[in-house]
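run.txt follows; it contains compact mmCIF, C-alpha atoms.
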# COMPACT_ATOMS: atom_id res chain seq x y z
CA MET A 1 -8.49 46.69 -29.28
CA ALA A 2 -6.85 45.56 -26.07
CA ARG A 3 -3.36 46.86 -25.40
CA VAL A 4 -0.61 44.35 -26.13
CA ASP A 5 2.48 43.87 -24.00
CA LEU A 6 5.07 44.68 -26.63
CA GLU A 7 8.05 43.88 -24.44
CA LYS A 8 6.85 40.31 -23.96
CA TYR A 9 6.20 39.95 -27.70
CA ARG A 10 9.69 41.28 -28.39
CA GLU A 11 11.17 38.80 -25.93
CA SER A 12 9.26 35.93 -27.56
CA GLY A 13 10.49 37.14 -30.95
CA ARG A 14 14.10 37.29 -29.80
CA ILE A 15 13.98 33.75 -28.42
CA ALA A 16 12.28 32.49 -31.58
CA ALA A 17 14.94 34.05 -33.82
CA GLU A 18 17.71 32.54 -31.70
CA ALA A 19 15.98 29.14 -31.81
CA HIS A 20 16.08 29.34 -35.60
CA ALA A 21 19.81 30.07 -35.48
CA LEU A 22 20.26 26.99 -33.29
CA ALA A 23 18.23 24.88 -35.73
CA LYS A 24 20.36 26.06 -38.65
CA GLU A 25 23.49 24.82 -36.87
CA ARG A 26 21.92 21.39 -36.24
CA ILE A 27 20.42 20.69 -39.67
CA ARG A 28 22.87 18.48 -41.56
CA PRO A 29 22.52 15.54 -44.00
CA GLY A 30 22.12 12.36 -41.96
CA GLY A 31 20.99 14.20 -38.83
CA ARG A 32 17.76 13.15 -37.18
CA LEU A 33 14.77 15.47 -37.50
CA VAL A 34 13.63 14.71 -33.96
CA ASP A 35 16.97 15.77 -32.50
CA VAL A 36 16.59 19.24 -34.03
CA LEU A 37 13.03 19.58 -32.72
CA ASP A 38 14.11 18.52 -29.23
CA ALA A 39 17.02 20.98 -29.32
CA ILE A 40 14.70 23.83 -30.33
CA GLU A 41 12.24 23.11 -27.55
CA ASP A 42 14.94 22.59 -24.93
CA PHE A 43 16.42 25.98 -25.88
CA ILE A 44 13.04 27.72 -25.60
CA HIS A 45 12.50 26.29 -22.12
CA ALA A 46 16.04 27.19 -21.05
CA GLN A 47 15.24 30.81 -21.94
CA GLY A 48 12.37 30.81 -19.45
CA ALA A 49 9.71 30.76 -22.17
CA ASP A 50 7.42 28.05 -23.53
CA ARG A 51 6.37 26.69 -26.91
CA ALA A 52 3.39 28.34 -28.54
CA PHE A 53 3.03 25.08 -30.48
CA PRO A 54 5.23 22.03 -31.04
CA ALA A 55 8.19 22.84 -33.29
CA GLN A 56 7.71 21.31 -36.74
CA ILE A 57 9.94 20.27 -39.63
CA SER A 58 8.35 19.78 -43.05
CA VAL A 59 10.52 18.47 -45.90
CA ASN A 60 10.31 18.97 -49.68
CA GLU A 61 6.68 18.61 -50.86
CA VAL A 62 5.35 18.75 -47.29
CA ALA A 63 4.45 22.38 -46.67
CA ALA A 64 3.54 22.40 -42.99
CA HIS A 65 2.36 20.62 -39.83
CA ASP A 66 4.84 17.73 -39.96
CA CYS A 67 6.10 16.89 -36.48
CA CYS A 68 8.14 13.94 -35.29
CA GLY A 69 6.54 11.18 -33.28
CA PRO A 70 8.25 9.23 -30.49
CA ASP A 71 11.45 7.55 -31.73
CA ASP A 72 10.97 9.02 -35.22
CA PRO A 73 13.77 7.52 -37.39
CA ARG A 74 13.79 10.12 -40.19
CA VAL A 75 17.01 11.85 -41.15
CA PHE A 76 17.80 14.78 -43.43
CA GLY A 77 18.73 13.99 -47.02
CA ASP A 78 21.50 15.64 -49.02
CA ASP A 79 19.15 17.71 -51.20
CA ASP A 80 16.21 18.35 -48.86
CA VAL A 81 14.27 21.61 -48.70
CA ILE A 82 13.47 21.94 -45.01
CA LYS A 83 10.85 24.19 -43.41
CA VAL A 84 11.31 24.86 -39.70
CA ASP A 85 8.19 26.36 -38.10
CA LEU A 86 8.35 27.26 -34.43
CA GLY A 87 6.46 29.33 -31.90
CA VAL A 88 7.43 30.86 -28.57
CA HIS A 89 5.30 32.49 -25.93
CA VAL A 90 6.10 34.56 -22.86
CA ASP A 91 3.01 34.72 -20.64
CA GLY A 92 0.84 34.03 -23.67
CA CYS A 93 2.48 36.64 -25.92
CA ILE A 94 3.27 34.61 -29.03
CA ALA A 95 5.95 34.81 -31.70
CA ASP A 96 5.30 32.52 -34.67
CA THR A 97 8.05 32.26 -37.29
CA ALA A 98 9.33 29.95 -40.00
CA ARG A 99 12.44 29.63 -42.17
CA THR A 100 13.52 27.31 -44.96
CA HIS A 101 16.89 25.61 -45.45
CA ASP A 102 18.21 24.29 -48.77
CA LEU A 103 20.66 21.51 -47.94
CA GLY A 104 21.70 20.84 -51.53
CA ASN A 105 21.89 24.51 -52.52
CA LYS A 106 19.73 23.70 -55.56
CA HIS A 107 16.60 25.66 -54.69
CA GLY A 108 17.87 29.12 -53.84
CA ALA A 109 15.48 30.80 -56.29
CA LEU A 110 12.50 29.09 -54.66
CA LEU A 111 13.58 30.21 -51.20
CA GLU A 112 14.17 33.73 -52.47
CA ALA A 113 10.63 33.84 -53.91
CA SER A 114 9.14 33.17 -50.48
CA ARG A 115 11.56 35.51 -48.72
CA GLN A 116 11.00 38.39 -51.15
CA ALA A 117 7.23 37.88 -51.06
CA LEU A 118 7.32 38.17 -47.27
CA GLU A 119 9.29 41.42 -47.45
CA ALA A 120 6.94 42.81 -50.12
CA ALA A 121 4.00 42.01 -47.84
CA ILE A 122 5.62 43.60 -44.79
CA GLU A 123 6.21 46.81 -46.76
CA ARG A 124 2.43 47.14 -47.12
CA VAL A 125 1.60 46.64 -43.44
CA ARG A 126 0.11 49.78 -41.89
CA PRO A 127 -3.26 50.82 -40.45
CA GLY A 128 -5.86 50.94 -43.22
CA ALA A 129 -3.95 48.64 -45.57
CA ARG A 130 -6.29 46.35 -47.47
CA ILE A 131 -5.62 42.72 -46.60
CA LYS A 132 -6.27 41.55 -50.16
CA ASP A 133 -3.52 43.91 -51.37
CA ILE A 134 -1.05 42.08 -49.14
CA GLY A 135 -2.08 38.82 -50.81
CA GLY A 136 -1.67 40.52 -54.17
CA ALA A 137 1.86 41.61 -53.32
CA ILE A 138 2.77 38.06 -52.29
CA LYS A 139 1.42 36.51 -55.48
CA ASP A 140 2.87 39.14 -57.80
CA THR A 141 6.32 38.77 -56.25
CA MET A 142 6.33 34.98 -56.52
CA VAL A 143 4.97 34.86 -60.07
CA ALA A 144 7.54 37.42 -61.22
CA LEU A 145 10.24 35.09 -59.90
CA GLY A 146 8.77 32.02 -61.63
CA PHE A 147 6.91 30.29 -58.79
CA LYS A 148 3.39 29.86 -57.46
CA PRO A 149 2.00 30.78 -54.04
CA VAL A 150 0.14 28.08 -52.14
CA ALA A 151 -3.33 29.55 -52.42
CA ASN A 152 -5.05 27.57 -49.67
CA LEU A 153 -2.58 28.45 -46.92
CA THR A 154 -2.76 31.81 -45.20
CA GLY A 155 -1.22 33.95 -42.54
CA HIS A 156 -3.27 34.88 -39.51
CA GLY A 157 -3.76 37.02 -36.47
CA ILE A 158 -2.54 36.00 -33.03
CA ALA A 159 -3.79 36.88 -29.56
CA PRO A 160 -2.88 35.92 -25.97
CA TYR A 161 -2.66 32.11 -25.80
CA THR A 162 -4.29 31.96 -29.27
CA ILE A 163 -2.13 30.93 -32.19
CA HIS A 164 -4.72 31.51 -34.94
CA CYS A 165 -7.40 34.20 -35.01
CA SER A 166 -8.68 36.86 -37.41
CA PRO A 167 -7.64 38.40 -39.66
CA SER A 168 -6.66 35.78 -42.22
CA ILE A 169 -3.79 37.04 -44.39
CA PRO A 170 -4.03 35.41 -47.83
CA ASN A 171 -1.12 34.50 -50.08
CA VAL A 172 -3.14 35.46 -53.16
CA PRO A 173 -5.53 38.37 -53.76
CA ASP A 174 -9.04 37.27 -52.80
CA MET A 175 -12.43 38.77 -52.01
CA THR A 176 -11.38 39.77 -48.48
CA SER A 177 -12.70 43.24 -47.67
CA GLY A 178 -10.88 43.70 -44.36
CA VAL A 179 -8.20 46.21 -43.52
CA LEU A 180 -5.40 46.18 -40.97
CA LYS A 181 -5.88 48.16 -37.76
CA GLU A 182 -3.36 49.70 -35.40
CA GLY A 183 -2.49 47.33 -32.57
CA MET A 184 -3.09 44.12 -34.50
CA MET A 185 -0.54 41.34 -34.11
CA ILE A 186 -0.35 39.32 -37.33
CA CYS A 187 1.70 36.55 -38.92
CA ILE A 188 2.48 36.65 -42.64
CA GLU A 189 3.76 33.38 -44.12
CA PRO A 190 4.12 33.11 -47.90
CA PHE A 191 4.54 29.56 -49.20
CA ALA A 192 6.23 29.35 -52.61
CA THR A 193 5.97 26.12 -54.59
CA THR A 194 7.22 24.43 -57.73
CA GLY A 195 3.98 22.44 -57.76
CA ARG A 196 0.30 23.23 -58.23
CA GLY A 197 -0.12 25.84 -55.51
CA HIS A 198 -2.52 23.76 -53.44
CA VAL A 199 -2.02 21.54 -50.38
CA VAL A 200 -3.97 18.56 -49.06
CA GLU A 201 -3.96 16.77 -45.71
CA GLN A 202 -1.89 13.61 -45.95
CA GLY A 203 -0.22 11.33 -43.42
CA ARG A 204 -0.42 10.71 -39.69
CA ALA A 205 -1.18 13.70 -37.50
CA GLU A 206 1.29 14.26 -34.67
CA VAL A 207 -0.02 17.69 -33.61
CA PHE A 208 -3.32 18.24 -31.81
CA GLY A 209 -5.43 21.00 -30.33
CA ALA A 210 -8.00 21.14 -27.53
CA ARG A 211 -10.37 23.68 -26.11
CA ARG A 212 -9.37 25.27 -22.82
CA LYS A 213 -12.41 23.67 -21.16
CA LEU A 214 -11.75 20.07 -22.11
CA LYS A 215 -14.50 17.48 -21.60
CA PRO A 216 -12.69 14.15 -21.87
CA PRO A 217 -14.13 10.62 -21.80
CA ARG A 218 -13.81 8.93 -18.41
CA ASN A 219 -11.40 6.27 -19.59
CA VAL A 220 -8.60 8.78 -20.40
CA SER A 221 -5.92 9.18 -17.73
CA SER A 222 -6.36 12.31 -15.64
CA ASP A 223 -2.59 12.83 -15.81
CA VAL A 224 -2.78 13.07 -19.60
CA ILE A 225 -5.70 15.47 -19.34
CA ASP A 226 -3.80 17.66 -16.90
CA GLN A 227 -0.85 17.77 -19.28
CA ILE A 228 -3.09 18.90 -22.13
CA LEU A 229 -4.85 21.48 -19.95
CA ASP A 230 -1.48 22.92 -18.95
CA ARG A 231 -1.12 24.02 -22.58
CA ARG A 232 -4.01 26.49 -22.00
CA GLY A 233 -5.55 25.76 -25.38
CA LEU A 234 -2.27 25.87 -27.31
CA PRO A 235 -1.39 22.92 -29.60
CA PHE A 236 0.51 19.89 -28.33
CA CYS A 237 2.02 16.77 -29.90
CA ARG A 238 1.99 13.02 -29.40
CA ARG A 239 5.71 12.97 -28.62
CA GLU A 240 5.35 15.18 -25.53
CA ILE A 241 2.54 13.01 -24.18
CA ALA A 242 4.61 9.88 -24.82
CA LYS A 243 7.65 11.35 -23.03
CA GLU A 244 5.59 11.68 -19.86
CA HIS A 245 3.36 8.62 -20.02
CA GLY A 246 4.78 6.20 -22.62
CA THR A 247 3.79 5.67 -26.25
CA GLU A 248 1.05 3.13 -25.52
CA VAL A 249 -0.75 5.42 -23.07
CA ALA A 250 -0.33 8.41 -25.38
CA ASP A 251 -1.73 6.58 -28.41
CA ARG A 252 -4.71 5.22 -26.51
CA ALA A 253 -5.52 8.58 -24.92
CA LEU A 254 -5.30 10.49 -28.20
CA ARG A 255 -7.43 7.89 -29.99
CA ASP A 256 -10.16 8.11 -27.34
CA LEU A 257 -10.03 11.91 -27.19
CA LEU A 258 -10.36 12.16 -30.98
CA ARG A 259 -13.28 9.72 -31.03
CA ALA A 260 -15.03 11.75 -28.33
CA GLY A 261 -14.48 14.98 -30.25
CA SER A 262 -12.56 16.40 -27.30
CA ILE A 263 -9.51 17.28 -29.41
CA HIS A 264 -8.80 17.85 -33.10
CA ASP A 265 -5.76 16.96 -35.17
CA TYR A 266 -3.49 18.80 -37.60
CA PRO A 267 -2.30 16.33 -40.28
CA PRO A 268 0.68 17.22 -42.47
CA LEU A 269 -0.16 19.54 -45.38
CA VAL A 270 1.35 18.27 -48.63
CA GLU A 271 1.63 19.90 -52.06
CA SER A 272 -1.04 18.18 -54.17
CA HIS A 273 1.53 17.60 -56.93
CA GLY A 274 3.17 15.12 -54.56
CA LYS A 275 6.73 13.82 -54.88
CA GLY A 276 8.95 16.02 -57.00
CA ALA A 277 7.43 19.28 -55.80
CA PHE A 278 9.23 21.58 -53.40
CA VAL A 279 7.78 24.18 -51.05
CA ALA A 280 9.55 27.03 -49.27
CA GLN A 281 8.17 29.13 -46.41
CA PHE A 282 9.30 32.19 -44.50
CA GLU A 283 7.19 33.76 -41.75
CA HIS A 284 7.37 36.70 -39.38
CA THR A 285 5.19 37.95 -36.54
CA ILE A 286 4.39 41.65 -37.06
CA HIS A 287 2.82 44.37 -34.93
CA VAL A 288 0.75 46.94 -36.81
CA THR A 289 1.94 50.30 -35.46
CA ALA A 290 0.50 53.78 -35.84
CA ASP A 291 2.68 54.51 -38.86
CA GLY A 292 3.64 51.09 -40.22
CA SER A 293 4.89 47.91 -38.60
CA GLU A 294 7.37 46.33 -36.22
CA VAL A 295 8.66 42.84 -37.06
CA MET A 296 9.05 40.87 -33.85
CA THR A 297 10.94 37.85 -35.16
CA ARG A 298 13.89 39.27 -37.10
CA ASP A 299 17.41 38.40 -36.05
CA ARG A 300 18.66 40.87 -33.47

Take the structure in the file and write it out as structure tokens.
Amino acid sequence: MARVDLEKYRESGRIAAEAHALAKERIRPGGRLVDVLDAIEDFIHAQGADRAFPAQISVNEVAAHDCCGPDDPRVFGDDDVIKVDLGVHVDGCIADTARTHDLGNKHGALLEASRQALEAAIERVRPGARIKDIGGAIKDTMVALGFKPVANLTGHGIAPYTIHCSPSIPNVPDMTSGVLKEGMMICIEPFATTGRGHVVEQGRAEVFGARRKLKPPRNVSSDVIDQILDRRGLPFCRREIAKEHGTEVADRALRDLLRAGSIHDYPPLVESHGKGAFVAQFEHTIHVTADGSEVMTRDR
């Protein structure tokens, strides 16, 4: 396995943890979701780093992948359960991390189920650890606390300029036969739910991905293509395209790129129970060391 630049991963992790602290200060009933996302991304850039993917805020039954569009009017409600998922990279060395906020202070047990499941999983990270045992630890912890894991969401490996790669880290024990190896960089992200433990794609996608060697249709603006290529294969969102080129140009370009199969989308992932369900998520980026693990995204 190629040697990783741990100092750059640590720096990404530090910035990501501080971005979460900033988000916590900004999340208030009546506040706009888009303002928090913009503040997170402005902070990351001010630190001399870049986004590994667009910052995302997913509320209540929405588990993941919800990102604000241009001029998004949504505001936080008094009793919302809010997942903030953000990624930072320094020269391609990625820190991916998520935290949940309980504005009404009514869902502390749900948040604790996700948080404790993450810690139980981290305790098992070491070379030779069976990946399915990590999923078992996550499920057992959540069930003991009265909640379900979301079975069809998983953690993942990361690599330079690659947000998702092997190994997949399940949130339930499965038939996975893999083991962790020294030098791996992984993300563990237990989702705890009051619902059915299954998510479906639902709603308008605001986040997109493209291959590094993009083959666009001729009618798409070269300026838009250059902006996407500057992401070096990392995800991007409609809002950032619209900021540079206007909403009309962004919408037309994304529509044509999707039709041509040049990009793919990431729609919001929603608990299949629907309204009335709540999902909590905590996530850390972890380096598998010779004798255990190092968590890159803890508060310093």

Long-range neighbours of Ile225 in chain A as a count of residues only, 12 Å cut-off, all atoms listed in the file, 6 positions minimum in chain: 25

Tell me which of A:Ile158, A:Ala21, A:Cys68, A:Ala277 sits closest to Glu240 in chain A, counting only C-alpha atoms.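 Closest to Glu240 in chain A of all the choices is A:Cys68.
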
CA of Pro149 in chain A and CA of Gly209 in chain A, how far apart in Å?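 Between CA of Gly209 in chain A and CA of Pro149 in chain A the gap works out to 26.7 Å.
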
Is there a way to get, as a CSV table (one decimal) with C-alpha atoms, keeping the file's coordinate frame, all residues within 10 Å of the point (-1.6, 48.1, -36.2) in file coordinates, counting all atoms listed in the file?
chain,number,residue,atom,x,y,z
A,1,MET,CA,-8.5,46.7,-29.3
A,125,VAL,CA,1.6,46.6,-43.4
A,126,ARG,CA,0.1,49.8,-41.9
A,127,PRO,CA,-3.3,50.8,-40.4
A,128,GLY,CA,-5.9,50.9,-43.2
A,129,ALA,CA,-4.0,48.6,-45.6
A,180,LEU,CA,-5.4,46.2,-41.0
A,181,LYS,CA,-5.9,48.2,-37.8
A,182,GLU,CA,-3.4,49.7,-35.4
A,183,GLY,CA,-2.5,47.3,-32.6
A,184,MET,CA,-3.1,44.1,-34.5
A,185,MET,CA,-0.5,41.3,-34.1
A,186,ILE,CA,-0.4,39.3,-37.3
A,286,ILE,CA,4.4,41.6,-37.1
A,287,HIS,CA,2.8,44.4,-34.9
A,288,VAL,CA,0.8,46.9,-36.8
A,289,THR,CA,1.9,50.3,-35.5
A,290,ALA,CA,0.5,53.8,-35.8
A,291,ASP,CA,2.7,54.5,-38.9
A,292,GLY,CA,3.6,51.1,-40.2
A,293,SER,CA,4.9,47.9,-38.6
A,294,GLU,CA,7.4,46.3,-36.2

So that I can check the surroundings of Ile82 in chain A, please list as a count of residues only every protein, DNA and RNA residue that reaches within 12 Å of it, counting all atoms listed in the file and ignoring chain neighbours fewer than 3 positions away. 38

Go ahead and find all residues with at least one atom no further than 9 Å from (-7.7, 35.4, -43.5) in the file's coordinates, using only C-alpha atoms; report them as a PyMOL selection string. chain A and resi 131+154-157+165-170+176+178

Which of A:Val295, A:Ile188, A:Leu258, A:Ala39 sits closest to Gly135 in chain A [using only C-alpha atoms]: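 For Gly135 in chain A, the nearest of the given residues is A:Ile188.
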
For each of A:His164, A:Lys132, A:Arg196, A:His65, take the minimum atom-to-atom distance to Cys237 in chain A, counting all atoms listed in the file, then give the residue where this is smallest. A:His65

Could you list, as a list of chain:residue names, every residue within 9 Å of Tyr266 in chain A, counting all atoms listed in the file and ignoring same-chain residues fewer than 3 positions away? A:His65, A:Asp66, A:Glu201, A:Arg204, A:Ala205, A:Glu206, A:Val207, A:Phe208, A:Gly209, A:Leu269
